[in-house]
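S.K.: Hey, dropping start15.cif in here, mmCIF, C-alpha atoms; chains and numbers go by the auth columns:
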data_protein
#
loop_
_atom_site.group_PDB
_atom_site.id
_atom_site.type_symbol
_atom_site.label_atom_id
_atom_site.label_comp_id
_atom_site.label_asym_id
_atom_site.label_seq_id
_atom_site.Cartn_x
_atom_site.Cartn_y
_atom_site.Cartn_z
_atom_site.B_iso_or_equiv
_atom_site.auth_seq_id
_atom_site.auth_asym_id
ATOM 1 C CA MET A 1 152.724 126.118 135.885 0.00 1 A
ATOM 2 C CA VAL A 2 154.254 123.766 138.407 0.00 2 A
ATOM 3 C CA THR A 3 157.999 123.716 138.248 0.00 3 A
ATOM 4 C CA ALA A 4 160.651 121.585 139.901 0.00 4 A
ATOM 5 C CA GLY A 5 163.511 123.825 140.586 0.00 5 A
ATOM 6 C CA ARG A 6 164.634 126.396 138.182 0.00 6 A
ATOM 7 C CA GLY A 7 163.385 125.845 134.558 0.00 7 A
ATOM 8 C CA ARG A 8 162.149 122.279 135.018 0.00 8 A
ATOM 9 C CA THR A 9 158.493 121.282 134.868 0.00 9 A
ATOM 10 C CA ARG A 10 157.071 118.422 136.901 0.00 10 A
ATOM 11 C CA TRP A 11 155.385 116.668 134.007 0.00 11 A
ATOM 12 C CA GLY A 12 154.236 113.795 136.174 0.00 12 A
ATOM 13 C CA LEU A 13 152.197 116.129 138.374 0.00 13 A
ATOM 14 C CA VAL A 14 150.789 117.998 135.347 0.00 14 A
ATOM 15 C CA MET A 15 149.804 114.709 133.680 0.00 15 A
ATOM 16 C CA ALA A 16 148.156 113.510 136.886 0.00 16 A
ATOM 17 C CA ILE A 17 146.147 116.724 137.189 0.00 17 A
ATOM 18 C CA LEU A 18 145.102 116.797 133.521 0.00 18 A
ATOM 19 C CA GLY A 19 145.227 113.103 132.666 0.00 19 A
ATOM 20 C CA VAL A 20 142.882 111.642 135.266 0.00 20 A
ATOM 21 C CA PRO A 21 139.709 113.717 134.726 0.00 21 A
ATOM 22 C CA VAL A 22 139.649 113.295 130.939 0.00 22 A
ATOM 23 C CA PRO A 23 139.541 109.454 130.902 0.00 23 A
ATOM 24 C CA VAL A 24 137.086 109.477 133.832 0.00 24 A
ATOM 25 C CA LEU A 25 134.784 111.842 131.917 0.00 25 A
ATOM 26 C CA VAL A 26 135.020 109.764 128.751 0.00 26 A
ATOM 27 C CA LEU A 27 134.349 106.531 130.634 0.00 27 A
ATOM 28 C CA GLY A 28 131.486 108.157 132.548 0.00 28 A
ATOM 29 C CA CYS A 29 129.848 109.370 129.335 0.00 29 A
ATOM 30 C CA MET A 30 130.173 105.900 127.847 0.00 30 A
ATOM 31 C CA VAL A 31 128.554 104.262 130.893 0.00 31 A
ATOM 32 C CA VAL A 32 125.694 106.792 130.970 0.00 32 A
ATOM 33 C CA GLY A 33 125.167 106.360 127.231 0.00 33 A
ATOM 34 C CA LEU A 34 125.094 102.579 127.580 0.00 34 A
ATOM 35 C CA PHE A 35 122.429 102.793 130.301 0.00 35 A
ATOM 36 C CA LEU A 36 120.322 105.215 128.270 0.00 36 A
ATOM 37 C CA TRP A 37 120.561 102.971 125.232 0.00 37 A
ATOM 38 C CA ALA A 38 119.603 99.899 127.283 0.00 38 A
ATOM 39 C CA LEU A 39 116.618 101.667 128.785 0.00 39 A
ATOM 40 C CA SER A 40 115.310 103.041 125.490 0.00 40 A
ATOM 41 C CA ASP A 41 112.599 100.709 124.286 0.00 41 A
ATOM 42 C CA GLY A 42 110.695 102.755 121.740 0.00 42 A
ATOM 43 C CA ASP A 43 110.992 100.107 119.028 0.00 43 A
ATOM 44 C CA ASP A 44 110.384 97.121 121.287 0.00 44 A
ATOM 45 C CA PRO A 45 106.711 96.091 121.071 0.00 45 A
ATOM 46 C CA ARG A 46 107.015 94.219 124.377 0.00 46 A
ATOM 47 C CA ALA A 47 107.900 97.479 126.081 0.00 47 A
ATOM 48 C CA GLY A 48 105.347 99.833 124.605 0.00 48 A
ATOM 49 C CA GLY A 49 106.637 100.412 121.074 0.00 49 A
ATOM 50 C CA ARG A 50 104.554 99.639 117.989 0.00 50 A
ATOM 51 C CA ALA A 51 105.531 96.886 115.601 0.00 51 A
ATOM 52 C CA THR A 52 104.076 95.998 112.211 0.00 52 A
ATOM 53 C CA VAL A 53 102.368 92.599 112.097 0.00 53 A
ATOM 54 C CA PRO A 54 100.406 90.626 109.510 0.00 54 A
ATOM 55 C CA CYS A 55 96.771 91.745 109.485 0.00 55 A
ATOM 56 C CA ALA A 56 95.628 88.147 109.935 0.00 56 A
ATOM 57 C CA GLU A 57 97.427 88.133 113.306 0.00 57 A
ATOM 58 C CA ALA A 58 95.781 91.385 114.409 0.00 58 A
ATOM 59 C CA LEU A 59 92.310 90.168 113.447 0.00 59 A
ATOM 60 C CA ARG A 60 92.829 86.700 114.930 0.00 60 A
ATOM 61 C CA PHE A 61 93.678 88.262 118.310 0.00 61 A
ATOM 62 C CA GLY A 62 90.126 89.626 118.353 0.00 62 A
ATOM 63 C CA GLY A 63 88.539 86.414 117.071 0.00 63 A
ATOM 64 C CA ALA A 64 88.072 87.600 113.474 0.00 64 A
ATOM 65 C CA GLU A 65 89.277 86.590 110.045 0.00 65 A
ATOM 66 C CA ARG A 66 90.132 88.926 107.221 0.00 66 A
ATOM 67 C CA PRO A 67 87.265 89.175 104.769 0.00 67 A
ATOM 68 C CA ALA A 68 88.224 87.871 101.347 0.00 68 A
ATOM 69 C CA VAL A 69 87.133 91.151 99.766 0.00 69 A
ATOM 70 C CA ALA A 70 89.172 93.357 102.126 0.00 70 A
ATOM 71 C CA GLN A 71 92.459 95.059 101.313 0.00 71 A
ATOM 72 C CA ALA A 72 94.755 95.135 104.314 0.00 72 A
ATOM 73 C CA GLY A 73 96.373 98.408 105.313 0.00 73 A
ATOM 74 C CA ASP A 74 98.467 99.140 108.379 0.00 74 A
ATOM 75 C CA CYS A 75 98.384 96.447 111.062 0.00 75 A
ATOM 76 C CA THR A 76 100.309 96.858 114.304 0.00 76 A
ATOM 77 C CA VAL A 77 100.783 95.464 117.787 0.00 77 A
ATOM 78 C CA GLN A 78 101.794 97.326 120.923 0.00 78 A
ATOM 79 C CA GLN A 79 102.647 95.434 124.097 0.00 79 A
ATOM 80 C CA GLY A 80 103.310 96.562 127.620 0.00 80 A
ATOM 81 C CA ILE A 81 101.150 95.675 130.571 0.00 81 A
ATOM 82 C CA ASP A 82 98.379 95.038 128.048 0.00 82 A
ATOM 83 C CA THR A 83 98.432 93.998 124.405 0.00 83 A
ATOM 84 C CA ALA A 84 96.763 96.065 121.691 0.00 84 A
ATOM 85 C CA TYR A 85 96.419 95.147 118.025 0.00 85 A
ATOM 86 C CA ALA A 86 95.171 97.558 115.374 0.00 86 A
ATOM 87 C CA ALA A 87 94.240 96.948 111.756 0.00 87 A
ATOM 88 C CA VAL A 88 93.010 99.156 108.942 0.00 88 A
ATOM 89 C CA LEU A 89 91.064 97.470 106.156 0.00 89 A
ATOM 90 C CA ARG A 90 89.357 98.734 103.008 0.00 90 A
ATOM 91 C CA MET A 91 86.410 96.766 101.771 0.00 91 A
ATOM 92 C CA PRO A 92 83.123 97.183 99.917 0.00 92 A
ATOM 93 C CA ARG A 93 80.583 99.085 102.023 0.00 93 A
ATOM 94 C CA GLU A 94 77.922 96.498 101.325 0.00 94 A
ATOM 95 C CA ASP A 95 79.995 93.692 102.913 0.00 95 A
ATOM 96 C CA VAL A 96 80.898 95.338 106.253 0.00 96 A
ATOM 97 C CA ARG A 97 77.683 94.606 108.173 0.00 97 A
ATOM 98 C CA ASP A 98 77.578 90.961 107.062 0.00 98 A
ATOM 99 C CA TRP A 99 81.220 90.455 108.047 0.00 99 A
ATOM 100 C CA LEU A 100 80.636 91.948 111.494 0.00 100 A
ATOM 101 C CA ARG A 101 77.416 89.966 112.077 0.00 101 A
ATOM 102 C CA THR A 102 79.050 86.716 110.967 0.00 102 A
ATOM 103 C CA THR A 103 82.191 87.297 113.019 0.00 103 A
ATOM 104 C CA TYR A 104 80.491 88.526 116.200 0.00 104 A
ATOM 105 C CA ARG A 105 77.160 86.672 116.199 0.00 105 A
ATOM 106 C CA ASP A 106 76.352 87.369 119.869 0.00 106 A
ATOM 107 C CA ALA A 107 77.540 90.974 119.896 0.00 107 A
ATOM 108 C CA PRO A 108 75.348 93.995 120.594 0.00 108 A
ATOM 109 C CA GLU A 109 73.697 95.734 117.672 0.00 109 A
ATOM 110 C CA ILE A 110 75.901 97.676 115.288 0.00 110 A
ATOM 111 C CA ARG A 111 75.493 101.396 115.978 0.00 111 A
ATOM 112 C CA THR A 112 75.294 103.976 113.231 0.00 112 A
ATOM 113 C CA GLY A 113 76.175 107.654 112.990 0.00 113 A
ATOM 114 C CA GLY A 114 77.034 109.997 115.794 0.00 114 A
ATOM 115 C CA PRO A 115 80.567 110.277 117.140 0.00 115 A
ATOM 116 C CA CYS A 116 81.582 106.806 115.999 0.00 116 A
ATOM 117 C CA GLY A 117 81.422 107.398 112.248 0.00 117 A
ATOM 118 C CA ALA A 118 79.245 105.490 109.816 0.00 118 A
ATOM 119 C CA LEU A 119 79.197 102.244 111.864 0.00 119 A
ATOM 120 C CA CYS A 120 80.481 101.206 115.311 0.00 120 A
ATOM 121 C CA LEU A 121 80.736 97.945 117.168 0.00 121 A
ATOM 122 C CA ASP A 122 82.135 97.352 120.654 0.00 122 A
ATOM 123 C CA VAL A 123 82.389 93.743 121.804 0.00 123 A
ATOM 124 C CA THR A 124 83.688 92.276 125.084 0.00 124 A
ATOM 125 C CA HIS A 125 83.970 88.769 126.514 0.00 125 A
ATOM 126 C CA GLU A 126 80.774 89.439 128.420 0.00 126 A
ATOM 127 C CA ASP A 127 78.761 90.351 125.344 0.00 127 A
ATOM 128 C CA GLY A 128 79.769 88.454 122.279 0.00 128 A
ATOM 129 C CA LEU A 129 83.479 87.867 121.709 0.00 129 A
ATOM 130 C CA PRO A 130 84.045 84.385 120.316 0.00 130 A
ATOM 131 C CA GLY A 131 85.905 81.879 122.482 0.00 131 A
ATOM 132 C CA THR A 132 88.894 81.972 120.125 0.00 132 A
ATOM 133 C CA ALA A 133 89.565 85.656 120.870 0.00 133 A
ATOM 134 C CA GLU A 134 92.553 86.454 123.057 0.00 134 A
ATOM 135 C CA ALA A 135 91.449 90.076 123.383 0.00 135 A
ATOM 136 C CA HIS A 136 89.166 91.324 126.123 0.00 136 A
ATOM 137 C CA VAL A 137 87.653 94.057 123.956 0.00 137 A
ATOM 138 C CA VAL A 138 87.214 94.595 120.223 0.00 138 A
ATOM 139 C CA GLN A 139 86.274 97.976 118.801 0.00 139 A
ATOM 140 C CA VAL A 140 85.380 98.498 115.165 0.00 140 A
ATOM 141 C CA ARG A 141 84.911 101.933 113.609 0.00 141 A
ATOM 142 C CA VAL A 142 83.791 102.224 110.001 0.00 142 A
ATOM 143 C CA GLU A 143 83.960 105.300 107.801 0.00 143 A
ATOM 144 C CA TYR A 144 82.661 105.451 104.265 0.00 144 A
ATOM 145 C CA GLU A 145 85.457 106.529 101.957 0.00 145 A
ATOM 146 C CA ASN A 146 83.188 106.861 98.930 0.00 146 A
ATOM 147 C CA ALA A 147 79.998 105.308 97.533 0.00 147 A
ATOM 148 C CA GLU A 148 81.577 101.839 97.257 0.00 148 A
ATOM 149 C CA THR A 149 84.385 101.649 99.811 0.00 149 A
ATOM 150 C CA ALA A 150 84.481 101.549 103.595 0.00 150 A
ATOM 151 C CA VAL A 151 87.553 102.055 105.775 0.00 151 A
ATOM 152 C CA VAL A 152 87.398 99.689 108.745 0.00 152 A
ATOM 153 C CA ARG A 153 89.503 100.566 111.810 0.00 153 A
ATOM 154 C CA TYR A 154 89.744 97.482 113.960 0.00 154 A
ATOM 155 C CA SER A 155 91.311 97.324 117.402 0.00 155 A
ATOM 156 C CA ALA A 156 91.534 94.364 119.766 0.00 156 A
ATOM 157 C CA PHE A 157 93.142 94.679 123.180 0.00 157 A
ATOM 158 C CA THR A 158 93.469 93.255 126.661 0.00 158 A
ATOM 159 C CA MET A 159 92.691 95.173 129.820 0.00 159 A
#
Will you turn the file into structure tokens for me?
M.R.:
Amino acid sequence: MVTAGRGRTRWGLVMAILGVPVPVLVLGCMVVGLFLWALSDGDDPRAGGRATVPCAEALRFGGAERPAVAQAGDCTVQQGIDTAYAAVLRMPREDVRDWLRTTYRDAPEIRTGGPCGALCLDVTHEDGLPGTAEAHVVQVRVEYENAETAVVRYSAFTM
């Protein structure tokens, strides 16, 4: 311990030695924490995070409308350099092909089986996206849940 003469402590020197680093460390941790918080953008859809959106918005981005017979599931948007919407719909199996043909009249043929599931459709501006679509690509993957119901996974995105 630092002493000033016999039996006296230099409290000013001790406080300077111990008192300066502690506030500097606390302030430094606060500044670093503030920067980390500002840079974290996991919940910001404009910076790459996913956000829940109305399914009508997700479908509209790809030039589609929700079929009247469809039940909407999870619908999201993710934005960064590009924008990507996703929608999950449940609808009668018998109505899926008609909805896709009506929505994407100039699209390539609907594919069946293989790695894409029960039905697949990939549409771009070059081959059938309607003029109202903001997306550059629409991908639809259909799986049959049971004898009556199809699960439609719809994604529309820019590139």
S.K.: Pull out every residue that the PyMOL selection byres ((chain A and resi 66) around 10) matches in the shown coordinates and put them as a PyMOL selection string.
M.R.: chain A and resi 55-60+64-65+67-72+89+99+103
S.K.: What does the PyMOL selection byres ((chain A and resi 156) around 12) select in this file, as JSON, numbers by chain?
M.R.: {"A": [55, 57, 58, 59, 60, 61, 62, 63, 64, 75, 76, 77, 78, 79, 82, 83, 84, 85, 86, 87, 88, 121, 122, 123, 124, 125, 129, 133, 134, 135, 136, 137, 138, 139, 140, 141, 153, 154, 155, 157, 158, 159]}
S.K.: Care to translate the PyMOL selection byres ((chain A and resi 109) around 12) into actual residues of this file, as number ranges by chain?
M.R.: A: 97, 100-101, 104-108, 110-112, 119-123, 127-128
S.K.: In Å, with one decimal, what is the gap from atom CA of A:Val142 to atom CA of A:Arg93?
M.R.: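 Atom-to-atom, atom CA of A:Val142 to atom CA of A:Arg93, that is 9.2 Å.
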S.K.: Just to confirm, what's the straight-line distance from atom CA of A:Ile81 to atom CA of A:Cys116 in Å (one decimal)?
M.R.: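 One can read the atom CA of A:Ile81 to atom CA of A:Cys116 distance as 26.8 Å.
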S.K.: If I take atom CA of A:Thr149 and atom CA of A:Pro54, how far is one from the other in Å, to one decimal?
M.R.: 21.7 Å
S.K.: From the options A:Glu126, A:Asp74, A:Asp95, A:Glu148, which residue's atoms come nearest to A:Thr52, counting all atoms listed in the file?
M.R.: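 Using all atoms listed in the file, A:Thr52 sits closest to A:Asp74.
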